[in-house]
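The block underneath contains the structure these notes are about, expressed in C-alpha cells.
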Amino acid sequence: PPATGATGRARLVLPPAGVVPVALACDALGGVFGAFDVTLVGWAELGGRPWLAGPAFSALALAIAVGSVITGARAWKLSPIARFIGFAAAAAIAALALPLTQAVTPVLFLAILVLGLLLSPVMISGILVASARAPEGRVTETLAYPTAAMSLGVPIGGVIAGSALDATGPATALVSIAVALACAAVIALAGEGLLRVARR
C-alpha cells in the first residue's frame, strides 16, 4: 500500500493481537535452524567427515528453495494459518527421522530434503498470516514480527541443541529439531484458539 505519514502523538508500538501467536511460533521455527546448524556440524565432525556439513546445509537450502516455488505456484484451499499449523506438525513428524537415520548418510540426506520441502510452506504461511492481519498503515511493522522472532529463535535453538550435543551426542540434538517444530505447531494452534475466544 502507499506510504502514509505519521499522524498524532507517538504511541507505544505493540504487535497486533492476531500476529502474536504466529510470531511466537516463528520463534520456535527459528530454533529449528539454530539446532540444525549446530547439530549437523557436530554430527559431521564426530563422524570423522567434517566436510559433510556443507552438503547437508546445501540439501536443506535446496529443498526449501524448491518447496518455496511449489508453495507459491499452487492455489491453496486451506487458510495460511491452517497451512502453518498443518505443515509445522508434518515437519515435526518428518524431523523424527533425522536421529533415526543419522548412521546412514544417504538416508539422512533424504530425510533432510523432505524436511526442507515441508519447512517452506510453514515459513511462507507465517508471513502471509502477518500480512493479512496487518492493520492499515502498519504493514511493514507487522511483517517484521515473525521474521524478527525467527531470527531470535536461531541462537536459542543453537544453545539447546549444542547442550544436547555435548551431553549425549547428535541423536538427542537432532530430536530437538522435531521438538521445536512441534512447539511451533502447538503455539500457533493454541494462539488461534485464544484469539477465537477473545473475538467471541
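Here's how to read the names in the C-alpha cells: chain A, B, ... by the order shown, residue numbers from 1 in each chain, ligand numbers from 1 in the order shown.
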Set the distance at 8 Å and use only C-alpha atoms: which residues neighbour stretch 157-166 of chain A once local chain neighbours fewer than 2 positions away are removed? I'd like the list as a list in words.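 The filter keeps Ala28, Gly30, Gly31, Val32, Phe33, Gly34, Ala35, Phe36, Asp37, Val38, Thr39, Gly42, Gly153, Val154, Pro155, Thr168, Gly169, Pro170, Ala171, Thr172, Ala173, Leu174, Ser176 and Ala180 of chain A.
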Which polymer residues have any atom within 8 Å of an atom of A:Ala134, counting only C-alpha atoms, with same-chain residues fewer than 3 positions away left out, as a JSON list (two decimals) with N, CA and C atoms, in the first residue's frame?
[["chain", "number", "residue", "atom", "x", "y", "z"],
["A", 16, "PRO", "N", 0.05, -6.34, 16.62],
["A", 16, "PRO", "CA", -1.38, -6.65, 16.54],
["A", 16, "PRO", "C", -1.65, -8.01, 17.17],
["A", 19, "VAL", "N", -1.29, -11.30, 15.23],
["A", 19, "VAL", "CA", 0.03, -11.70, 14.75],
["A", 19, "VAL", "C", 0.86, -12.34, 15.87],
["A", 130, "ALA", "N", 0.76, -12.78, 8.85],
["A", 130, "ALA", "CA", 1.09, -11.43, 9.32],
["A", 130, "ALA", "C", 0.61, -10.37, 8.33],
["A", 131, "SER", "N", 0.80, -10.65, 7.05],
["A", 131, "SER", "CA", 0.37, -9.69, 6.02],
["A", 131, "SER", "C", -1.14, -9.49, 6.03],
["A", 138, "ARG", "N", 0.34, -0.18, 9.04],
["A", 138, "ARG", "CA", 1.34, -0.87, 9.87],
["A", 138, "ARG", "C", 1.82, -2.16, 9.20],
["A", 139, "VAL", "N", 1.76, -2.21, 7.88],
["A", 139, "VAL", "CA", 2.09, -3.45, 7.18],
["A", 139, "VAL", "C", 3.57, -3.81, 7.36],
["A", 142, "THR", "N", 4.28, -4.88, 10.90],
["A", 142, "THR", "CA", 3.68, -6.17, 11.24],
["A", 142, "THR", "C", 4.44, -7.33, 10.62],
["A", 143, "LEU", "N", 4.92, -7.13, 9.39],
["A", 143, "LEU", "CA", 5.69, -8.19, 8.74],
["A", 143, "LEU", "C", 7.03, -8.45, 9.45]]
Where does DSSP see alpha helix (DSSP H) in stretch 47-190 of chain A, if you list the residues as a CSV table (one decimal) with N, CA, C and O atoms, in the first residue's frame?
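Dumped to result_31.csv:
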chain,number,residue,atom,x,y,z
A,53,ALA,N,29.1,-31.5,6.5
A,53,ALA,CA,28.2,-30.5,7.0
A,53,ALA,C,27.8,-29.6,5.9
A,53,ALA,O,26.6,-29.2,5.8
A,54,GLY,N,28.7,-29.2,5.0
A,54,GLY,CA,28.4,-28.3,3.8
A,54,GLY,C,27.3,-28.9,2.9
A,54,GLY,O,26.2,-28.3,2.7
A,55,PRO,N,27.4,-30.1,2.5
A,55,PRO,CA,26.4,-30.7,1.7
A,55,PRO,C,25.0,-30.9,2.4
A,55,PRO,O,24.0,-30.8,1.8
A,56,ALA,N,25.1,-31.1,3.7
A,56,ALA,CA,23.9,-31.2,4.5
A,56,ALA,C,23.1,-29.9,4.5
A,56,ALA,O,21.9,-29.8,4.3
A,57,PHE,N,23.9,-28.8,4.7
A,57,PHE,CA,23.2,-27.5,4.7
A,57,PHE,C,22.7,-27.2,3.3
A,57,PHE,O,21.6,-26.6,3.1
A,58,SER,N,23.5,-27.6,2.3
A,58,SER,CA,23.0,-27.3,0.9
A,58,SER,C,21.8,-28.1,0.6
A,58,SER,O,20.9,-27.6,-0.1
A,59,ALA,N,21.7,-29.3,1.1
A,59,ALA,CA,20.5,-30.1,0.8
A,59,ALA,C,19.2,-29.4,1.4
A,59,ALA,O,18.2,-29.4,0.8
A,60,LEU,N,19.4,-28.9,2.6
A,60,LEU,CA,18.2,-28.2,3.3
A,60,LEU,C,17.9,-27.0,2.5
A,60,LEU,O,16.7,-26.7,2.2
A,61,ALA,N,18.9,-26.2,2.1
A,61,ALA,CA,18.6,-25.0,1.4
A,61,ALA,C,18.0,-25.2,0.0
A,61,ALA,O,17.0,-24.5,-0.4
A,62,LEU,N,18.4,-26.2,-0.7
A,62,LEU,CA,17.9,-26.6,-2.0
A,62,LEU,C,16.4,-27.0,-1.8
A,62,LEU,O,15.5,-26.6,-2.6
A,63,ALA,N,16.1,-27.9,-0.8
A,63,ALA,CA,14.8,-28.3,-0.6
A,63,ALA,C,13.8,-27.2,-0.2
A,63,ALA,O,12.7,-27.1,-0.7
A,64,ILE,N,14.3,-26.2,0.6
A,64,ILE,CA,13.5,-25.1,0.9
A,64,ILE,C,13.2,-24.2,-0.3
A,64,ILE,O,12.1,-23.7,-0.5
A,65,ALA,N,14.2,-24.1,-1.2
A,65,ALA,CA,14.0,-23.3,-2.4
A,65,ALA,C,13.0,-23.9,-3.3
A,65,ALA,O,12.1,-23.2,-3.8
A,66,VAL,N,13.1,-25.2,-3.5
A,66,VAL,CA,12.2,-25.9,-4.4
A,66,VAL,C,10.8,-25.9,-3.7
A,66,VAL,O,9.8,-25.6,-4.4
A,67,GLY,N,10.7,-26.1,-2.4
A,67,GLY,CA,9.4,-26.1,-1.8
A,67,GLY,C,8.8,-24.8,-1.8
A,67,GLY,O,7.5,-24.6,-1.9
A,68,SER,N,9.6,-23.7,-1.8
A,68,SER,CA,9.0,-22.3,-1.8
A,68,SER,C,8.4,-22.1,-3.2
A,68,SER,O,7.3,-21.5,-3.3
A,69,VAL,N,9.0,-22.5,-4.2
A,69,VAL,CA,8.5,-22.3,-5.6
A,69,VAL,C,7.2,-23.1,-5.7
A,69,VAL,O,6.2,-22.6,-6.2
A,70,ILE,N,7.2,-24.3,-5.2
A,70,ILE,CA,6.0,-25.2,-5.3
A,70,ILE,C,4.8,-24.5,-4.5
A,70,ILE,O,3.7,-24.5,-5.0
A,71,THR,N,5.2,-24.1,-3.3
A,71,THR,CA,4.1,-23.5,-2.4
A,71,THR,C,3.5,-22.2,-3.1
A,71,THR,O,2.3,-22.0,-3.0
A,72,GLY,N,4.4,-21.4,-3.7
A,72,GLY,CA,3.9,-20.2,-4.3
A,72,GLY,C,3.1,-20.4,-5.6
A,72,GLY,O,2.3,-19.6,-6.0
A,73,ALA,N,3.4,-21.5,-6.3
A,73,ALA,CA,2.8,-21.8,-7.6
A,73,ALA,C,1.4,-22.3,-7.5
A,73,ALA,O,0.7,-22.2,-8.5
A,80,PRO,N,-3.9,-19.6,5.3
A,80,PRO,CA,-2.5,-19.6,5.7
A,80,PRO,C,-2.2,-20.1,7.1
A,80,PRO,O,-1.2,-20.8,7.3
A,81,ILE,N,-3.1,-19.8,8.1
A,81,ILE,CA,-2.8,-20.2,9.4
A,81,ILE,C,-3.0,-21.7,9.5
A,81,ILE,O,-2.3,-22.4,10.3
A,82,ALA,N,-3.9,-22.3,8.8
A,82,ALA,CA,-4.1,-23.7,8.8
A,82,ALA,C,-2.9,-24.4,8.1
A,82,ALA,O,-2.5,-25.5,8.6
A,83,ARG,N,-2.4,-23.8,7.1
A,83,ARG,CA,-1.2,-24.4,6.5
A,83,ARG,C,0.0,-24.3,7.4
A,83,ARG,O,0.8,-25.2,7.5
A,84,PHE,N,0.1,-23.2,8.1
A,84,PHE,CA,1.2,-23.0,9.1
A,84,PHE,C,1.2,-24.2,10.1
A,84,PHE,O,2.2,-24.9,10.3
A,85,ILE,N,0.0,-24.4,10.7
A,85,ILE,CA,-0.1,-25.4,11.8
A,85,ILE,C,0.1,-26.8,11.2
A,85,ILE,O,0.8,-27.6,11.7
A,86,GLY,N,-0.6,-27.0,10.1
A,86,GLY,CA,-0.5,-28.4,9.5
A,86,GLY,C,0.8,-28.8,9.0
A,86,GLY,O,1.3,-29.9,9.3
A,87,PHE,N,1.5,-27.9,8.3
A,87,PHE,CA,2.8,-28.2,7.8
A,87,PHE,C,3.9,-28.2,8.9
A,87,PHE,O,4.9,-29.0,8.8
A,88,ALA,N,3.7,-27.4,9.9
A,88,ALA,CA,4.6,-27.5,11.1
A,88,ALA,C,4.5,-28.8,11.8
A,88,ALA,O,5.5,-29.4,12.2
A,89,ALA,N,3.3,-29.3,11.9
A,89,ALA,CA,3.1,-30.6,12.5
A,89,ALA,C,3.7,-31.7,11.7
A,89,ALA,O,4.3,-32.7,12.2
A,90,ALA,N,3.5,-31.6,10.3
A,90,ALA,CA,4.0,-32.6,9.4
A,90,ALA,C,5.5,-32.6,9.4
A,90,ALA,O,6.2,-33.6,9.4
A,91,ALA,N,6.1,-31.4,9.5
A,91,ALA,CA,7.6,-31.3,9.5
A,91,ALA,C,8.1,-31.9,10.8
A,91,ALA,O,9.2,-32.4,10.8
A,92,ALA,N,7.4,-31.7,11.9
A,92,ALA,CA,7.8,-32.2,13.2
A,92,ALA,C,7.9,-33.8,13.1
A,92,ALA,O,8.9,-34.4,13.6
A,93,ILE,N,6.9,-34.4,12.5
A,93,ILE,CA,6.9,-35.8,12.3
A,93,ILE,C,8.0,-36.3,11.4
A,93,ILE,O,8.8,-37.2,11.7
A,94,ALA,N,8.2,-35.5,10.3
A,94,ALA,CA,9.3,-35.8,9.4
A,94,ALA,C,10.7,-35.7,10.1
A,94,ALA,O,11.6,-36.5,9.8
A,95,ALA,N,10.8,-34.7,10.9
A,95,ALA,CA,12.1,-34.5,11.6
A,95,ALA,C,12.5,-35.6,12.6
A,95,ALA,O,13.7,-35.8,12.9
A,97,ALA,N,12.7,-38.5,11.8
A,97,ALA,CA,13.5,-39.4,11.0
A,97,ALA,C,15.0,-39.1,11.1
A,97,ALA,O,15.9,-39.9,10.9
A,98,LEU,N,15.3,-37.8,11.4
A,98,LEU,CA,16.7,-37.4,11.5
A,98,LEU,C,17.6,-38.2,12.4
A,98,LEU,O,18.6,-38.7,12.0
A,99,PRO,N,17.2,-38.3,13.7
A,99,PRO,CA,18.0,-39.1,14.6
A,99,PRO,C,18.0,-40.6,14.3
A,99,PRO,O,19.0,-41.3,14.6
A,100,LEU,N,17.0,-41.1,13.6
A,100,LEU,CA,16.9,-42.5,13.3
A,100,LEU,C,17.8,-42.8,12.1
A,100,LEU,O,18.1,-44.0,11.9
A,101,THR,N,18.1,-41.8,11.3
A,101,THR,CA,18.8,-42.1,10.0
A,101,THR,C,20.3,-41.6,10.1
A,101,THR,O,21.0,-41.6,9.0
A,105,THR,N,24.3,-42.0,6.0
A,105,THR,CA,24.3,-40.7,5.4
A,105,THR,C,23.3,-40.5,4.3
A,105,THR,O,22.6,-39.4,4.3
A,106,PRO,N,23.2,-41.3,3.2
A,106,PRO,CA,22.3,-41.1,2.2
A,106,PRO,C,20.8,-41.0,2.6
A,106,PRO,O,20.1,-40.1,2.1
A,107,VAL,N,20.5,-41.8,3.6
A,107,VAL,CA,19.1,-41.8,4.1
A,107,VAL,C,18.9,-40.5,4.9
A,107,VAL,O,17.8,-39.9,4.9
A,108,LEU,N,19.9,-40.1,5.7
A,108,LEU,CA,19.8,-38.8,6.4
A,108,LEU,C,19.6,-37.7,5.5
A,108,LEU,O,18.7,-36.8,5.7
A,109,PHE,N,20.3,-37.6,4.4
A,109,PHE,CA,20.2,-36.6,3.4
A,109,PHE,C,18.8,-36.6,2.8
A,109,PHE,O,18.2,-35.5,2.5
A,110,LEU,N,18.2,-37.7,2.6
A,110,LEU,CA,16.9,-37.8,2.0
A,110,LEU,C,15.9,-37.2,3.1
A,110,LEU,O,15.0,-36.5,2.7
A,111,ALA,N,16.1,-37.6,4.3
A,111,ALA,CA,15.2,-37.0,5.4
A,111,ALA,C,15.4,-35.5,5.5
A,111,ALA,O,14.4,-34.8,5.7
A,112,ILE,N,16.6,-35.0,5.3
A,112,ILE,CA,16.8,-33.5,5.2
A,112,ILE,C,16.0,-32.9,4.1
A,112,ILE,O,15.4,-31.8,4.2
A,113,LEU,N,16.0,-33.5,2.9
A,113,LEU,CA,15.3,-33.0,1.8
A,113,LEU,C,13.8,-32.9,2.0
A,113,LEU,O,13.2,-31.9,1.7
A,114,VAL,N,13.3,-34.0,2.6
A,114,VAL,CA,11.8,-34.0,2.9
A,114,VAL,C,11.5,-32.9,3.9
A,114,VAL,O,10.5,-32.2,3.8
A,115,LEU,N,12.4,-32.7,4.9
A,115,LEU,CA,12.1,-31.7,5.9
A,115,LEU,C,12.1,-30.3,5.3
A,115,LEU,O,11.3,-29.5,5.6
A,116,GLY,N,13.1,-30.1,4.4
A,116,GLY,CA,13.2,-28.8,3.7
A,116,GLY,C,11.9,-28.5,2.9
A,116,GLY,O,11.4,-27.3,2.9
A,117,LEU,N,11.4,-29.5,2.2
A,117,LEU,CA,10.2,-29.3,1.4
A,117,LEU,C,9.0,-28.9,2.3
A,117,LEU,O,8.1,-28.1,1.9
A,118,LEU,N,8.9,-29.5,3.6
A,118,LEU,CA,7.8,-29.2,4.5
A,118,LEU,C,8.0,-27.9,5.2
A,118,LEU,O,7.0,-27.3,5.6
A,119,LEU,N,9.3,-27.4,5.4
A,119,LEU,CA,9.5,-26.2,6.1
A,119,LEU,C,9.1,-25.0,5.2
A,119,LEU,O,8.7,-23.9,5.8
A,120,SER,N,9.2,-25.1,3.9
A,120,SER,CA,8.9,-24.0,3.0
A,120,SER,C,7.5,-23.4,3.3
A,120,SER,O,7.3,-22.2,3.5
A,121,PRO,N,6.4,-24.2,3.2
A,121,PRO,CA,5.1,-23.7,3.4
A,121,PRO,C,4.9,-23.1,4.8
A,121,PRO,O,4.0,-22.3,5.0
A,122,VAL,N,5.6,-23.6,5.8
A,122,VAL,CA,5.5,-23.1,7.1
A,122,VAL,C,6.0,-21.7,7.2
A,122,VAL,O,5.3,-20.8,7.7
A,123,MET,N,7.1,-21.4,6.7
A,123,MET,CA,7.7,-20.1,6.7
A,123,MET,C,6.9,-19.1,5.9
A,123,MET,O,6.6,-18.0,6.3
A,124,ILE,N,6.5,-19.5,4.7
A,124,ILE,CA,5.7,-18.7,3.8
A,124,ILE,C,4.3,-18.3,4.4
A,124,ILE,O,3.9,-17.2,4.4
A,125,SER,N,3.7,-19.3,5.0
A,125,SER,CA,2.4,-19.1,5.6
A,125,SER,C,2.5,-18.2,6.8
A,125,SER,O,1.5,-17.4,7.0
A,126,GLY,N,3.6,-18.2,7.5
A,126,GLY,CA,3.7,-17.3,8.7
A,126,GLY,C,3.7,-15.8,8.2
A,126,GLY,O,3.1,-15.0,8.8
A,127,ILE,N,4.4,-15.6,7.1
A,127,ILE,CA,4.5,-14.2,6.6
A,127,ILE,C,3.1,-13.8,6.0
A,127,ILE,O,2.6,-12.7,6.1
A,128,LEU,N,2.4,-14.8,5.4
A,128,LEU,CA,1.1,-14.5,4.8
A,128,LEU,C,0.1,-14.1,5.9
A,128,LEU,O,-0.8,-13.3,5.8
A,129,VAL,N,0.1,-14.8,7.0
A,129,VAL,CA,-0.7,-14.6,8.2
A,129,VAL,C,-0.5,-13.1,8.7
A,129,VAL,O,-1.4,-12.4,8.9
A,130,ALA,N,0.8,-12.8,8.8
A,130,ALA,CA,1.1,-11.4,9.3
A,130,ALA,C,0.6,-10.4,8.3
A,130,ALA,O,0.1,-9.3,8.7
A,131,SER,N,0.8,-10.6,7.0
A,131,SER,CA,0.4,-9.7,6.0
A,131,SER,C,-1.1,-9.5,6.0
A,131,SER,O,-1.6,-8.4,5.9
A,132,ALA,N,-1.9,-10.6,6.2
A,132,ALA,CA,-3.3,-10.5,6.1
A,132,ALA,C,-3.9,-9.8,7.4
A,132,ALA,O,-5.0,-9.2,7.3
A,139,VAL,N,1.8,-2.2,7.9
A,139,VAL,CA,2.1,-3.4,7.2
A,139,VAL,C,3.6,-3.8,7.4
A,139,VAL,O,3.9,-4.9,7.7
A,140,THR,N,4.5,-2.9,7.1
A,140,THR,CA,5.9,-3.1,7.2
A,140,THR,C,6.3,-3.6,8.6
A,140,THR,O,7.0,-4.5,8.9
A,141,GLU,N,5.7,-2.8,9.6
A,141,GLU,CA,6.0,-3.2,11.0
A,141,GLU,C,5.5,-4.6,11.3
A,141,GLU,O,6.2,-5.4,12.0
A,142,THR,N,4.3,-4.9,10.9
A,142,THR,CA,3.7,-6.2,11.2
A,142,THR,C,4.4,-7.3,10.6
A,142,THR,O,4.6,-8.4,11.2
A,143,LEU,N,4.9,-7.1,9.4
A,143,LEU,CA,5.7,-8.2,8.7
A,143,LEU,C,7.0,-8.4,9.5
A,143,LEU,O,7.6,-9.5,9.3
A,144,ALA,N,7.5,-7.5,10.2
A,144,ALA,CA,8.8,-7.6,10.9
A,144,ALA,C,8.7,-8.6,12.1
A,144,ALA,O,9.7,-9.2,12.5
A,145,TYR,N,7.5,-8.7,12.7
A,145,TYR,CA,7.4,-9.5,13.9
A,145,TYR,C,7.7,-11.0,13.7
A,145,TYR,O,8.5,-11.5,14.4
A,146,PRO,N,7.1,-11.7,12.7
A,146,PRO,CA,7.5,-13.1,12.5
A,146,PRO,C,9.0,-13.3,12.1
A,146,PRO,O,9.6,-14.2,12.5
A,147,THR,N,9.5,-12.4,11.2
A,147,THR,CA,10.9,-12.5,10.8
A,147,THR,C,11.8,-12.2,11.9
A,147,THR,O,12.9,-12.9,12.1
A,148,ALA,N,11.5,-11.2,12.7
A,148,ALA,CA,12.4,-10.9,13.9
A,148,ALA,C,12.3,-12.1,14.9
A,148,ALA,O,13.4,-12.4,15.5
A,149,ALA,N,11.2,-12.6,15.1
A,149,ALA,CA,11.0,-13.7,16.1
A,149,ALA,C,11.8,-14.9,15.6
A,149,ALA,O,12.4,-15.6,16.4
A,150,MET,N,11.8,-15.2,14.3
A,150,MET,CA,12.5,-16.3,13.8
A,150,MET,C,14.0,-16.1,14.0
A,150,MET,O,14.7,-17.1,14.4
A,151,SER,N,14.5,-14.9,13.8
A,151,SER,CA,15.9,-14.6,14.0
A,151,SER,C,16.3,-14.8,15.5
A,151,SER,O,17.4,-15.2,15.8
A,152,LEU,N,15.4,-14.4,16.4
A,152,LEU,CA,15.6,-14.6,17.8
A,152,LEU,C,15.7,-16.0,18.2
A,152,LEU,O,16.5,-16.4,19.1
A,153,GLY,N,14.9,-16.9,17.5
A,153,GLY,CA,14.9,-18.3,17.8
A,153,GLY,C,16.1,-19.0,17.4
A,153,GLY,O,16.4,-20.1,18.0
A,154,VAL,N,16.9,-18.5,16.4
A,154,VAL,CA,18.0,-19.2,15.9
A,154,VAL,C,19.1,-19.5,17.0
A,154,VAL,O,19.5,-20.6,17.2
A,155,PRO,N,19.5,-18.4,17.8
A,155,PRO,CA,20.5,-18.7,18.8
A,155,PRO,C,20.0,-19.5,20.0
A,155,PRO,O,20.7,-20.3,20.6
A,156,ILE,N,18.7,-19.4,20.2
A,156,ILE,CA,18.1,-20.2,21.3
A,156,ILE,C,18.1,-21.7,20.9
A,156,ILE,O,18.5,-22.5,21.7
A,157,GLY,N,17.7,-22.0,19.7
A,157,GLY,CA,17.8,-23.4,19.2
A,157,GLY,C,19.2,-23.9,19.2
A,157,GLY,O,19.5,-25.1,19.5
A,158,GLY,N,20.2,-23.0,18.8
A,158,GLY,CA,21.6,-23.4,18.8
A,158,GLY,C,22.1,-23.8,20.2
A,158,GLY,O,22.8,-24.8,20.3
A,159,VAL,N,21.7,-23.0,21.2
A,159,VAL,CA,22.2,-23.3,22.6
A,159,VAL,C,21.6,-24.6,23.1
A,159,VAL,O,22.3,-25.4,23.7
A,160,ILE,N,20.3,-24.8,22.8
A,160,ILE,CA,19.7,-26.0,23.3
A,160,ILE,C,20.2,-27.2,22.6
A,160,ILE,O,20.6,-28.2,23.3
A,161,ALA,N,20.4,-27.2,21.3
A,161,ALA,CA,20.9,-28.3,20.6
A,161,ALA,C,22.4,-28.5,20.9
A,161,ALA,O,22.8,-29.7,21.0
A,162,GLY,N,23.1,-27.4,21.1
A,162,GLY,CA,24.5,-27.6,21.4
A,162,GLY,C,24.7,-28.2,22.8
A,162,GLY,O,25.6,-29.1,23.0
A,163,SER,N,23.9,-27.9,23.7
A,163,SER,CA,23.9,-28.5,25.1
A,163,SER,C,23.6,-30.0,25.0
A,163,SER,O,24.3,-30.9,25.6
A,164,ALA,N,22.6,-30.4,24.2
A,164,ALA,CA,22.2,-31.8,24.0
A,164,ALA,C,23.4,-32.5,23.3
A,164,ALA,O,23.7,-33.7,23.6
A,165,LEU,N,24.0,-31.9,22.3
A,165,LEU,CA,25.1,-32.5,21.5
A,165,LEU,C,26.2,-32.8,22.4
A,165,LEU,O,26.8,-33.9,22.4
A,166,ASP,N,26.6,-31.8,23.3
A,166,ASP,CA,27.7,-32.0,24.2
A,166,ASP,C,27.4,-33.1,25.3
A,166,ASP,O,28.3,-33.9,25.7
A,167,ALA,N,26.2,-33.2,25.7
A,167,ALA,CA,25.8,-34.1,26.8
A,167,ALA,C,25.6,-35.5,26.3
A,167,ALA,O,26.1,-36.5,26.9
A,168,THR,N,24.9,-35.7,25.2
A,168,THR,CA,24.6,-37.1,24.8
A,168,THR,C,24.9,-37.4,23.3
A,168,THR,O,24.7,-38.6,22.9
A,170,PRO,N,24.8,-36.5,18.8
A,170,PRO,CA,23.9,-35.9,17.7
A,170,PRO,C,22.5,-36.4,17.8
A,170,PRO,O,21.6,-35.6,17.4
A,171,ALA,N,22.2,-37.6,18.2
A,171,ALA,CA,20.8,-38.1,18.1
A,171,ALA,C,19.9,-37.2,18.9
A,171,ALA,O,18.8,-36.8,18.4
A,172,THR,N,20.2,-36.9,20.2
A,172,THR,CA,19.4,-36.1,21.0
A,172,THR,C,19.3,-34.7,20.5
A,172,THR,O,18.2,-34.1,20.5
A,173,ALA,N,20.4,-34.2,20.0
A,173,ALA,CA,20.3,-32.8,19.4
A,173,ALA,C,19.4,-32.8,18.2
A,173,ALA,O,18.7,-31.8,18.0
A,174,LEU,N,19.4,-33.8,17.4
A,174,LEU,CA,18.5,-33.9,16.2
A,174,LEU,C,17.0,-34.0,16.6
A,174,LEU,O,16.2,-33.4,16.0
A,175,VAL,N,16.8,-34.6,17.8
A,175,VAL,CA,15.4,-34.7,18.3
A,175,VAL,C,14.9,-33.3,18.6
A,175,VAL,O,13.7,-33.0,18.5
A,176,SER,N,15.8,-32.4,19.0
A,176,SER,CA,15.4,-31.0,19.4
A,176,SER,C,14.8,-30.3,18.2
A,176,SER,O,14.0,-29.4,18.4
A,177,ILE,N,15.2,-30.7,17.0
A,177,ILE,CA,14.6,-30.1,15.8
A,177,ILE,C,13.1,-30.4,15.7
A,177,ILE,O,12.2,-29.6,15.4
A,178,ALA,N,12.8,-31.7,15.9
A,178,ALA,CA,11.4,-32.1,15.9
A,178,ALA,C,10.6,-31.5,17.0
A,178,ALA,O,9.4,-31.1,16.9
A,179,VAL,N,11.2,-31.3,18.2
A,179,VAL,CA,10.6,-30.7,19.3
A,179,VAL,C,10.2,-29.2,19.0
A,179,VAL,O,9.1,-28.7,19.3
A,180,ALA,N,11.2,-28.5,18.4
A,180,ALA,CA,11.0,-27.1,18.1
A,180,ALA,C,9.8,-27.0,17.1
A,180,ALA,O,9.0,-26.1,17.2
A,181,LEU,N,9.7,-27.9,16.1
A,181,LEU,CA,8.6,-27.8,15.1
A,181,LEU,C,7.3,-28.1,15.8
A,181,LEU,O,6.3,-27.5,15.5
A,182,ALA,N,7.3,-29.1,16.7
A,182,ALA,CA,6.1,-29.4,17.4
A,182,ALA,C,5.6,-28.2,18.2
A,182,ALA,O,4.4,-27.9,18.3
A,183,CYS,N,6.6,-27.5,18.9
A,183,CYS,CA,6.3,-26.4,19.7
A,183,CYS,C,5.6,-25.3,18.8
A,183,CYS,O,4.7,-24.6,19.2
A,184,ALA,N,6.2,-25.1,17.6
A,184,ALA,CA,5.6,-24.1,16.7
A,184,ALA,C,4.2,-24.4,16.3
A,184,ALA,O,3.3,-23.5,16.3
A,185,ALA,N,3.9,-25.7,16.0
A,185,ALA,CA,2.5,-26.0,15.7
A,185,ALA,C,1.6,-25.8,16.9
A,185,ALA,O,0.5,-25.3,16.8
A,186,VAL,N,2.0,-26.3,18.1
A,186,VAL,CA,1.2,-26.2,19.3
A,186,VAL,C,0.9,-24.7,19.7
A,186,VAL,O,-0.2,-24.3,20.0
A,187,ILE,N,2.0,-23.9,19.6
A,187,ILE,CA,1.8,-22.5,19.9
A,187,ILE,C,0.9,-21.8,19.0
A,187,ILE,O,0.0,-21.0,19.4
A,188,ALA,N,1.0,-22.0,17.7
A,188,ALA,CA,0.1,-21.4,16.7
A,188,ALA,C,-1.3,-21.9,16.9
A,188,ALA,O,-2.3,-21.1,16.9
A,189,LEU,N,-1.5,-23.2,17.2
A,189,LEU,CA,-2.8,-23.7,17.4
A,189,LEU,C,-3.5,-23.2,18.7
A,189,LEU,O,-4.7,-22.7,18.6
A,190,ALA,N,-2.7,-23.1,19.7
A,190,ALA,CA,-3.3,-22.6,21.0
A,190,ALA,C,-3.6,-21.1,20.9
A,190,ALA,O,-4.6,-20.6,21.4
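With atom CA of A:Val197 on one side and atom CA of A:Cys26 on the other, the separation reads 22.0 Å.
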Atom CA of A:Leu29 to atom CA of A:Pro15 measures 18.5 Å
